[in-house]
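The file coords29.tsv comes next; it holds TSV, C-alpha atoms.
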```tsv
chain	number	residue	atom	x	y	z
A	1068	MET	CA	-8.52	-13.27	14.29
A	1069	PRO	CA	-6.29	-15.57	12.24
A	1070	THR	CA	-7.96	-18.67	10.85
A	1071	ALA	CA	-6.63	-21.76	9.09
A	1072	GLN	CA	-7.14	-19.96	5.77
A	1073	ARG	CA	-6.55	-16.31	6.64
A	1074	ALA	CA	-3.88	-14.25	8.35
A	1075	PRO	CA	-4.63	-10.90	9.99
A	1076	ALA	CA	-3.60	-7.53	8.62
A	1077	ALA	CA	-0.38	-7.17	6.61
A	1078	LEU	CA	0.06	-5.82	3.11
A	1079	LEU	CA	3.30	-5.66	1.13
A	1080	VAL	CA	3.71	-3.02	-1.57
A	1081	ARG	CA	6.28	-3.83	-4.23
A	1082	ARG	CA	7.40	-0.97	-6.47
A	1083	GLY	CA	10.45	-1.79	-8.55
A	1084	GLY	CA	13.05	-2.99	-6.07
A	1085	GLU	CA	11.32	-1.39	-3.09
A	1086	ARG	CA	9.37	-3.34	-0.49
A	1087	LEU	CA	7.09	-1.40	1.87
A	1088	LEU	CA	5.16	-3.28	4.56
A	1089	PHE	CA	1.89	-1.87	5.87
A	1090	ASP	CA	0.94	-3.35	9.25
A	1091	CYS	CA	2.59	-6.43	10.68
A	1092	ALA	CA	0.11	-8.73	12.34
A	1093	GLU	CA	0.85	-12.00	14.10
A	1094	GLY	CA	2.44	-14.45	11.67
A	1095	THR	CA	3.48	-11.89	9.05
A	1096	GLN	CA	7.10	-13.03	8.84
A	1097	ARG	CA	5.99	-16.62	8.32
A	1098	GLN	CA	3.55	-15.60	5.61
A	1099	LEU	CA	6.36	-13.78	3.82
A	1100	GLN	CA	8.66	-16.79	4.16
A	1101	ARG	CA	5.94	-19.00	2.69
A	1102	SER	CA	5.38	-16.66	-0.25
A	1103	ASN	CA	7.51	-16.23	-3.35
A	1104	VAL	CA	8.65	-12.88	-1.93
A	1105	GLY	CA	10.50	-14.27	1.06
A	1106	LEU	CA	11.38	-12.44	4.25
A	1107	VAL	CA	13.43	-9.67	2.67
A	1108	ASP	CA	15.38	-7.19	4.79
A	1109	LEU	CA	12.65	-4.59	4.90
A	1110	GLU	CA	13.79	-1.01	5.35
A	1111	GLU	CA	10.41	0.61	6.03
A	1112	ILE	CA	7.32	-0.56	7.90
A	1113	PHE	CA	4.17	1.55	8.21
A	1114	LEU	CA	1.73	0.89	11.06
A	1115	THR	CA	-1.83	2.17	10.76
A	1116	HIS	CA	-2.59	1.92	14.50
A	1117	PHE	CA	-1.71	-0.05	17.59
A	1118	HIS	CA	-4.44	-2.59	18.03
A	1119	ALA	CA	-2.79	-5.97	18.50
A	1120	ASP	CA	-4.04	-7.48	15.25
A	1121	HIS	CA	-2.01	-4.89	13.32
A	1122	PHE	CA	1.38	-4.94	15.05
A	1123	LEU	CA	1.75	-8.14	17.07
A	1124	GLY	CA	4.06	-9.73	14.48
A	1125	LEU	CA	6.52	-6.86	14.56
A	1126	PRO	CA	8.61	-7.80	17.63
A	1127	GLY	CA	9.27	-11.28	16.28
A	1128	MET	CA	10.21	-9.96	12.85
A	1129	LEU	CA	12.63	-7.43	14.33
A	1130	LYS	CA	14.29	-10.19	16.38
A	1131	THR	CA	14.54	-12.45	13.33
A	1132	PHE	CA	16.35	-9.69	11.44
A	1133	ALA	CA	18.82	-9.49	14.34
A	1134	LEU	CA	19.31	-13.25	14.64
A	1135	ARG	CA	20.24	-13.64	11.00
A	1136	GLY	CA	23.04	-11.10	11.21
A	1137	ARG	CA	21.55	-7.80	10.12
A	1138	ASP	CA	23.79	-5.13	11.64
A	1139	GLU	CA	24.17	-2.11	9.36
A	1140	LEU	CA	21.05	-1.85	7.21
A	1141	PRO	CA	18.74	0.66	8.94
A	1142	LEU	CA	15.03	0.12	9.49
A	1143	THR	CA	12.42	2.84	9.92
A	1144	VAL	CA	9.02	2.21	11.46
A	1145	TYR	CA	6.34	4.84	10.81
A	1146	GLY	CA	3.08	5.22	12.66
A	1147	PRO	CA	0.66	7.64	14.32
A	1148	ARG	CA	1.14	9.31	17.68
A	1149	GLY	CA	1.95	6.73	20.34
A	1150	LEU	CA	4.52	4.80	18.28
A	1151	ARG	CA	7.39	5.67	20.62
A	1152	ASP	CA	5.31	4.75	23.67
A	1153	LEU	CA	4.52	1.39	22.05
A	1154	PHE	CA	8.19	0.65	21.53
A	1155	GLY	CA	8.95	1.73	25.08
A	1156	THR	CA	6.60	-1.04	26.18
A	1157	LEU	CA	8.15	-3.53	23.73
A	1158	ARG	CA	11.75	-2.71	24.67
A	1159	PRO	CA	12.11	-5.47	27.33
A	1160	PHE	CA	11.01	-8.05	24.73
A	1161	LEU	CA	13.15	-6.68	21.91
A	1162	GLY	CA	16.34	-6.18	23.89
A	1163	ARG	CA	19.21	-4.58	21.99
A	1164	LEU	CA	18.92	-4.65	18.21
A	1165	PRO	CA	22.24	-4.64	16.31
A	1166	TYR	CA	20.93	-2.54	13.41
A	1167	PRO	CA	19.78	1.10	13.44
A	1168	LEU	CA	16.06	1.44	14.21
A	1169	THR	CA	14.28	4.77	13.71
A	1170	LEU	CA	10.77	5.48	14.96
A	1171	THR	CA	8.89	8.23	13.12
A	1172	GLU	CA	5.52	9.46	14.32
A	1173	LEU	CA	3.37	11.05	11.62
A	1174	GLU	CA	0.45	13.45	11.67
A	1175	PRO	CA	-2.37	13.44	9.11
A	1176	GLY	CA	-1.25	15.31	6.01
A	1177	GLU	CA	2.45	14.79	6.70
A	1178	ARG	CA	4.34	13.73	3.59
A	1179	ILE	CA	7.43	11.59	3.02
A	1180	GLU	CA	9.11	12.54	-0.24
A	1181	ARG	CA	10.57	9.53	-2.05
A	1182	GLY	CA	11.87	11.02	-5.28
A	1183	GLU	CA	9.45	9.61	-7.85
A	1184	TYR	CA	6.55	9.44	-5.43
A	1185	VAL	CA	5.31	10.59	-2.04
A	1186	VAL	CA	3.81	8.74	0.93
A	1187	GLU	CA	1.22	10.81	2.77
A	1188	ALA	CA	-0.42	10.08	6.12
A	1189	VAL	CA	-4.23	10.12	5.84
A	1190	ALA	CA	-6.67	10.91	8.64
A	1191	VAL	CA	-9.10	8.07	9.38
A	1192	GLU	CA	-11.85	7.49	11.94
A	1193	HIS	CA	-11.26	4.55	14.24
A	1194	GLY	CA	-11.62	6.05	17.71
A	1195	VAL	CA	-7.90	5.71	18.49
A	1196	SER	CA	-4.72	7.25	17.15
A	1197	ALA	CA	-4.74	5.87	13.61
A	1198	LEU	CA	-3.65	6.68	10.06
A	1199	GLY	CA	-4.17	5.51	6.53
A	1200	TYR	CA	-1.52	6.00	3.86
A	1201	SER	CA	-1.58	7.18	0.27
A	1202	LEU	CA	1.25	6.51	-2.19
A	1203	VAL	CA	1.16	8.97	-5.06
A	1204	GLU	CA	3.62	8.94	-7.95
A	1205	HIS	CA	4.56	12.23	-9.55
A	1206	ASP	CA	3.52	12.92	-13.13
A	1207	ARG	CA	5.78	11.41	-15.77
A	1208	PRO	CA	6.98	13.17	-18.93
A	1209	GLY	CA	4.73	12.84	-21.96
A	1210	ARG	CA	5.45	10.44	-24.79
A	1211	PHE	CA	8.40	11.36	-27.00
A	1212	ASP	CA	7.29	12.45	-30.50
A	1213	VAL	CA	9.91	10.97	-32.82
A	1214	ALA	CA	8.45	12.63	-35.91
A	1215	ALA	CA	8.56	16.05	-34.24
A	1216	ALA	CA	12.16	15.49	-33.16
A	1217	ASP	CA	13.12	14.45	-36.69
A	1218	ALA	CA	11.44	17.54	-38.14
A	1219	LEU	CA	13.33	19.78	-35.71
A	1220	GLY	CA	16.64	18.15	-36.59
A	1221	VAL	CA	17.29	16.53	-33.18
A	1222	PRO	CA	19.74	13.70	-33.81
A	1223	PRO	CA	19.20	10.28	-32.23
A	1224	GLY	CA	21.17	9.75	-29.04
A	1225	ARG	CA	22.05	11.93	-26.08
A	1226	GLU	CA	20.06	15.02	-27.11
A	1227	ARG	CA	16.80	13.08	-27.22
A	1228	GLY	CA	17.50	11.62	-23.81
A	1229	VAL	CA	18.07	15.12	-22.41
A	1230	LEU	CA	14.76	16.29	-23.85
A	1231	GLN	CA	12.95	13.27	-22.40
A	1232	GLY	CA	14.46	14.18	-19.05
A	1233	GLY	CA	12.82	17.61	-19.23
A	1234	ASP	CA	15.76	19.82	-20.23
A	1235	PRO	CA	16.28	21.82	-23.46
A	1236	VAL	CA	19.13	21.10	-25.88
A	1237	THR	CA	21.12	23.30	-28.24
A	1238	LEU	CA	21.76	21.82	-31.68
A	1239	THR	CA	25.00	22.28	-33.62
A	1240	ASP	CA	23.46	25.13	-35.64
A	1241	GLY	CA	22.56	26.99	-32.45
A	1242	THR	CA	18.85	26.10	-32.49
A	1243	VAL	CA	17.38	25.56	-29.02
A	1244	VAL	CA	14.78	22.78	-28.78
A	1245	THR	CA	12.63	22.63	-25.66
A	1246	PRO	CA	10.94	19.55	-24.20
A	1247	ASP	CA	7.43	20.85	-24.90
A	1248	GLU	CA	8.22	20.77	-28.62
A	1249	VAL	CA	8.82	17.01	-28.66
A	1250	LEU	CA	6.91	15.66	-25.66
A	1251	GLY	CA	3.20	15.02	-25.32
A	1252	PRO	CA	1.20	16.08	-22.25
A	1253	PRO	CA	2.44	14.79	-18.86
A	1254	ARG	CA	1.22	11.32	-17.97
A	1255	PRO	CA	-0.15	10.73	-14.47
A	1256	GLY	CA	1.61	8.38	-12.09
A	1257	ARG	CA	-0.19	5.75	-10.04
A	1258	LYS	CA	-2.05	6.29	-6.78
A	1259	LEU	CA	-2.64	3.73	-4.04
A	1260	VAL	CA	-4.55	4.37	-0.80
A	1261	ILE	CA	-4.52	2.00	2.18
A	1262	THR	CA	-6.96	2.85	4.97
A	1263	GLY	CA	-6.18	0.47	7.79
A	1264	ASP	CA	-9.17	0.28	10.16
A	1265	THR	CA	-11.72	3.06	9.79
A	1266	ALA	CA	-15.36	3.95	9.70
A	1267	PRO	CA	-16.48	5.58	6.45
A	1268	SER	CA	-14.66	8.90	6.35
A	1269	PRO	CA	-14.74	12.00	4.14
A	1270	HIS	CA	-10.99	12.25	4.75
A	1271	VAL	CA	-10.54	8.93	2.96
A	1272	VAL	CA	-12.83	10.00	0.12
A	1273	GLN	CA	-10.71	13.09	-0.39
A	1274	ALA	CA	-7.38	11.24	-0.13
A	1275	ALA	CA	-8.54	8.50	-2.50
A	1276	HIS	CA	-9.87	10.81	-5.21
A	1277	GLU	CA	-9.23	9.11	-8.56
A	1278	ALA	CA	-6.89	6.55	-6.99
A	1279	ASP	CA	-5.97	3.54	-9.08
A	1280	LEU	CA	-6.51	1.27	-6.08
A	1281	LEU	CA	-8.23	1.80	-2.75
A	1282	VAL	CA	-7.60	-0.87	-0.11
A	1283	HIS	CA	-10.40	-0.35	2.41
A	1284	GLU	CA	-11.44	-2.40	5.38
A	1285	ALA	CA	-14.81	-4.17	5.32
A	1286	THR	CA	-15.08	-5.84	8.68
A	1287	PHE	CA	-18.84	-6.33	8.56
A	1288	GLY	CA	-21.77	-6.89	6.24
A	1289	ALA	CA	-24.77	-4.58	6.08
A	1290	GLU	CA	-26.69	-6.61	8.68
A	1291	GLU	CA	-24.02	-5.62	11.23
A	1292	LYS	CA	-24.11	-1.90	10.43
A	1293	ASP	CA	-24.86	-0.94	14.05
A	1294	ARG	CA	-21.94	-3.05	15.25
A	1295	ALA	CA	-19.71	-1.44	12.64
A	1296	ARG	CA	-20.71	2.02	13.82
A	1297	GLU	CA	-20.15	1.06	17.46
A	1298	THR	CA	-16.62	-0.23	16.79
A	1299	MET	CA	-15.78	2.41	14.14
A	1300	HIS	CA	-15.34	-0.09	11.34
A	1301	ALA	CA	-16.98	-0.18	7.91
A	1302	THR	CA	-19.41	-2.47	6.16
A	1303	ALA	CA	-18.71	-3.68	2.64
A	1304	ALA	CA	-21.41	-1.39	1.24
A	1305	GLU	CA	-20.00	1.60	3.11
A	1306	ALA	CA	-16.50	0.93	1.78
A	1307	ALA	CA	-17.97	0.65	-1.71
A	1308	GLU	CA	-19.70	4.00	-1.30
A	1309	VAL	CA	-16.37	5.57	-0.34
A	1310	ALA	CA	-14.86	4.12	-3.51
A	1311	ARG	CA	-17.78	5.40	-5.60
A	1312	LEU	CA	-17.56	8.92	-4.18
A	1313	ALA	CA	-13.78	8.95	-4.69
A	1314	SER	CA	-14.06	7.70	-8.30
A	1315	VAL	CA	-11.33	5.10	-7.80
A	1316	ARG	CA	-10.50	2.51	-10.44
A	1317	MET	CA	-10.55	-0.55	-8.16
A	1318	LEU	CA	-11.60	-1.28	-4.57
A	1319	ALA	CA	-10.03	-4.11	-2.57
A	1320	LEU	CA	-11.83	-5.13	0.64
A	1321	THR	CA	-9.70	-6.38	3.54
A	1322	HIS	CA	-9.95	-6.92	7.32
A	1323	VAL	CA	-12.85	-9.31	6.80
A	1324	SER	CA	-14.36	-10.70	9.99
A	1325	MET	CA	-14.00	-14.43	10.46
A	1326	ARG	CA	-17.80	-14.73	10.39
A	1327	TYR	CA	-17.72	-14.15	6.61
A	1328	VAL	CA	-16.45	-16.26	3.74
A	1329	GLY	CA	-15.88	-13.17	1.62
A	1330	SER	CA	-18.22	-13.78	-1.30
A	1331	GLU	CA	-21.20	-12.29	0.54
A	1332	LEU	CA	-19.29	-9.06	1.17
A	1333	LEU	CA	-18.19	-8.98	-2.45
A	1334	GLU	CA	-21.79	-9.27	-3.61
A	1335	GLU	CA	-22.87	-6.52	-1.23
A	1336	ALA	CA	-20.11	-4.14	-2.32
A	1337	ARG	CA	-20.53	-4.70	-6.05
A	1338	LYS	CA	-24.12	-3.48	-5.91
A	1339	VAL	CA	-22.62	-0.08	-5.07
A	1340	PHE	CA	-19.23	-0.24	-6.78
A	1341	PRO	CA	-18.82	-2.98	-9.39
A	1342	GLU	CA	-15.01	-2.82	-9.60
A	1343	THR	CA	-14.57	-4.48	-6.21
A	1344	VAL	CA	-12.45	-7.49	-5.25
A	1345	VAL	CA	-11.87	-9.36	-1.99
A	1346	PRO	CA	-8.26	-10.60	-2.02
A	1347	ARG	CA	-7.24	-13.84	-0.36
A	1348	ASP	CA	-3.92	-14.50	1.32
A	1349	PHE	CA	-1.08	-14.58	-1.24
A	1350	ASP	CA	-3.15	-12.81	-3.89
A	1351	VAL	CA	-1.54	-9.92	-5.77
A	1352	LEU	CA	-3.11	-6.70	-6.97
A	1353	GLU	CA	-1.25	-5.39	-10.00
A	1354	VAL	CA	-1.48	-1.64	-10.60
A	1355	PRO	CA	-0.16	-0.71	-14.06
A	1356	PHE	CA	0.14	2.81	-15.43
A	1357	ALA	CA	-3.25	4.00	-16.67
A	1358	GLU	CA	-2.29	3.80	-20.34
A	1359	ARG	CA	-1.41	0.11	-19.88
A	1360	GLY	CA	-4.77	-1.00	-18.57
A	1361	ALA	CA	-6.81	-1.34	-15.39
A	1362	PRO	CA	-5.66	-2.79	-12.05
A	1363	ARG	CA	-6.25	-6.51	-11.78
A	1364	LEU	CA	-6.38	-9.21	-9.15
A	1365	VAL	CA	-3.95	-12.10	-9.65
A	1366	ARG	CA	-5.09	-15.07	-7.61
A	1367	ARG	CA	-2.18	-16.60	-5.68
A	1368	GLY	CA	0.21	-14.27	-7.48
A	1369	ALA	CA	2.55	-14.52	-4.48
A	1370	ARG	CA	1.74	-18.19	-4.00
A	1371	PRO	CA	3.67	-20.10	-1.37
A	1372	VAL	CA	6.99	-21.60	-2.33
A	1373	SER	CA	5.81	-24.99	-1.06
A	1374	SER	CA	2.80	-26.69	-2.56
A	1375	GLY	CA	1.16	-28.32	0.41
A	1376	GLY	CA	-0.81	-27.15	3.41
A	1377	ASP	CA	-0.79	-23.44	2.70
A	1378	GLY	CA	-4.49	-22.97	3.27
A	1379	SER	CA	-4.65	-20.61	0.30
A	1380	ASP	CA	-7.83	-22.19	-1.04
A	1381	GLY	CA	-9.77	-20.20	1.54
A	1382	SER	CA	-11.98	-17.32	0.55
A	1383	GLY	CA	-11.48	-13.58	0.75
A	1384	GLY	CA	-9.31	-12.48	3.63
A	1385	SER	CA	-7.34	-9.76	5.28
A	1386	GLY	CA	-3.76	-10.96	5.18
A	1387	GLY	CA	-0.96	-10.25	2.73
```

Mind converting the file's structure to structure tokens?
Amino acid sequence: MPTAQRAPAALLVRRGGERLLFDCAEGTQRQLQRSNVGLVDLEEIFLTHFHADHFLGLPGMLKTFALRGRDELPLTVYGPRGLRDLFGTLRPFLGRLPYPLTLTELEPGERIERGEYVVEAVAVEHGVSALGYSLVEHDRPGRFDVAAADALGVPPGRERGVLQGGDPVTLTDGTVVTPDEVLGPPRPGRKLVITGDTAPSPHVVQAAHEADLLVHEATFGAEEKDRARETMHATAAEAAEVARLASVRMLALTHVSMRYVGSELLEEARKVFPETVVPRDFDVLEVPFAERGAPRLVRRGARPVSSGGDGSDGSGGSGG
């Protein structure tokens, strides 16, 4: 449930100029408006499942987009089986939207190619039709070896750019230089996995293998393990074990029950997986390329545009 300090589930992924929203709980559009991101004209929203605390903010957001004059920019909503039925139920509340709206139901393992990266639907275990999502960037070319290029007679300028792009070049004397002669080994892209609600799952362990960041729910502490099993949620220790088995670089715990402050779940999880954080509302998790350092938590990195009454001094939470 929302509290004075915490909003329910919504997480915004920013990659370059792209903005991808994962879940859209009650109050999400207001949280965005209060942040330094603002309520941008989102083009893609990914729902993990259709429990109310994960989608109840969506109808209001869609109507706000309409009321402020959006008419041509399309919006796609992705989700598991049942997405179209959900919108059939919401249709009387939404009315006619002036912009194109596409509903795309995904199956576990289905991939959305995005050029430099892919979004893949991940099977989870929550007792209802539900998905997690992994965002995996493709490998990048290796570092350009200037000394090797000089030795091979590749002039500065266009030819070097072509080689960095992965294509061979022919020099003025007829010599063909291939990218492997001037580029180091390919460098891995980044990997982010968002589970939504789930009990501990081998599917998530597999999907999150060597991820830079795993965002995993931790609804309960260890003392509520039976309750977690009954409701197909995870404890903090169980989420940490998933992260340990998957060899991720950082674990972020979300979907924290209102009975917890957050610090107790953090302590529990770090006994199993030390690189664990519990983000608060308006915190940011920065995920750099591996060669530039480890992921890090930036407290209030998306801090509200106004200074008063934002409630962001609360402890670890589930909102974005």

(message) Between A:Val1344, A:Ala1215, A:Leu1312, A:Met1325, which residue has the minimum interatomic distance to Gly1288 (chain A), considering only C-alpha atoms?
(response) A:Met1325

(message) Measuring between all atoms listed in the file, which one of A:Asp1217, A:Val1104, A:Arg1081, A:Phe1154 shows the shortest distance to Val1354 (chain A)?
(response)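 Smallest distance to Val1354 (chain A) is found for A:Arg1081.
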
(request) Go through A:Glu1358, A:Glu1305, A:Asp1247, A:Glu1353 one by one, measure the shortest atom-to-atom distance of each to Glu1291 (chain A) using all atoms listed in the file, and give the residue with the smallest value. (result)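 When distances to Glu1291 (chain A) are compared using all atoms listed in the file, the smallest one comes from A:Glu1305.
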
At a cut-off of 6 Å, can you tabulate as a tab-separated table every residue of region 1244-1283 of chain A near region 1196-1201 of chain A together with its closest atom pair and the distance in Å to one decimal, using only C-alpha atoms and ordering rows by chain then number?
```
residue	atom	partner	partner_atom	distance
A:Leu1259	CA	A:Ser1201	CA	5.6
A:Val1260	CA	A:Ser1201	CA	4.2
A:Ile1261	CA	A:Tyr1200	CA	5.3
A:Thr1262	CA	A:Gly1199	CA	4.2
A:Gly1263	CA	A:Gly1199	CA	5.6
```

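Nearest-residue note for Arg1210 (chain A): choosing from A:Leu1168, A:Cys1091, A:Leu1173, A:Leu1230, the minimum distance belongs to A:Leu1230, counting only C-alpha atoms.
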
(message) What does the structure give for the distance between CA of Ala1216 (chain A) and CA of Gly1241 (chain A), in Å to one decimal?
(response)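 Taking CA of Ala1216 (chain A) as the start and CA of Gly1241 (chain A) as the end point, the length is 15.5 Å.
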
(request) Work out how far CA of Leu1129 (chain A) is from CA of Arg1367 (chain A), in Å to one decimal. (result)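 Pair CA of Arg1367 (chain A) / CA of Leu1129 (chain A) returns 26.5 Å.
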
(message) Taking only C-alpha atoms into account, name the residue in A:Leu1114, A:Lys1130, A:Gln1100, A:Pro1167 that is nearest to Leu1153 (chain A).
(response) A:Leu1114

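For the residues A:Ala1301, A:Val1221, A:Val1328, A:Ala1119, ranking by smallest atom-to-atom distance to Ala1289 (chain A) using all atoms listed in the file places A:Ala1301 first.
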
(request) In Å, rounded to a single decimal, give me how far CA of His1121 (chain A) is from CA of Glu1093 (chain A). (result)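 A separation of 7.7 Å between them.
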
(message) Report as a PyMOL selection string all protein, DNA and RNA residues lying within 10 Å of Ala1313 (chain A), evaluated on only C-alpha atoms, omitting residues in the same chain fewer than 5 positions from it.
(response) chain A and resi 1269+1271-1278+1281+1307-1308

(message) If we count all atoms listed in the file and set the cut-off at 12 Å, which residues sit around Asp1240 (chain A), ignoring sequence neighbours fewer than 2 positions away in its own chain? Please answer as an NGL selection string.
(response) :A and (1219-1221 or 1236-1238 or 1242-1244)

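Within 9 Å of the file-frame point (-14.0, -1.3, 15.6), and using all atoms listed in the file, the polymer residues found are His1193, Gly1194, Asp1264, Thr1265, Ala1266, Thr1286, Arg1294, Ala1295, Arg1296, Glu1297, Thr1298, Met1299, His1300 and Ala1301 of chain A.
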
Could you turn the residues from that selection into a file that holds C-alpha atoms, as a compact mmCIF listing (two decimals), keeping the file's coordinate frame?
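To be explicit, this is the file written out as result-v4.txt:
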```txt
# COMPACT_ATOMS: atom_id res chain seq x y z
CA HIS A 1193 -11.26 4.55 14.24
CA GLY A 1194 -11.62 6.05 17.71
CA ASP A 1264 -9.17 0.28 10.16
CA THR A 1265 -11.72 3.06 9.79
CA ALA A 1266 -15.36 3.95 9.70
CA THR A 1286 -15.08 -5.84 8.68
CA ARG A 1294 -21.94 -3.05 15.25
CA ALA A 1295 -19.71 -1.44 12.64
CA ARG A 1296 -20.71 2.02 13.82
CA GLU A 1297 -20.15 1.06 17.46
CA THR A 1298 -16.62 -0.23 16.79
CA MET A 1299 -15.78 2.41 14.14
CA HIS A 1300 -15.34 -0.09 11.34
CA ALA A 1301 -16.98 -0.18 7.91
```

Close residues, Pro1165 (chain A) itself excluded, 9 Å, all atoms listed in the file, min 5 positions apart in chain, as a compact mmCIF listing (two decimals) with C-alpha atoms, keeping the file's coordinate frame:
```
# COMPACT_ATOMS: atom_id res chain seq x y z
CA ALA A 1133 18.82 -9.49 14.34
CA GLY A 1136 23.04 -11.10 11.21
CA ARG A 1137 21.55 -7.80 10.12
CA ASP A 1138 23.79 -5.13 11.64
CA GLU A 1139 24.17 -2.11 9.36
```

(message) List as number ranges by chain the protein and nucleic acid residues near Val1186 (chain A), meaning an atom at most 9 Å away when only C-alpha atoms are counted, but skip any in the same chain fewer than 3 places from it.
(response) A: 1177-1181, 1200-1204
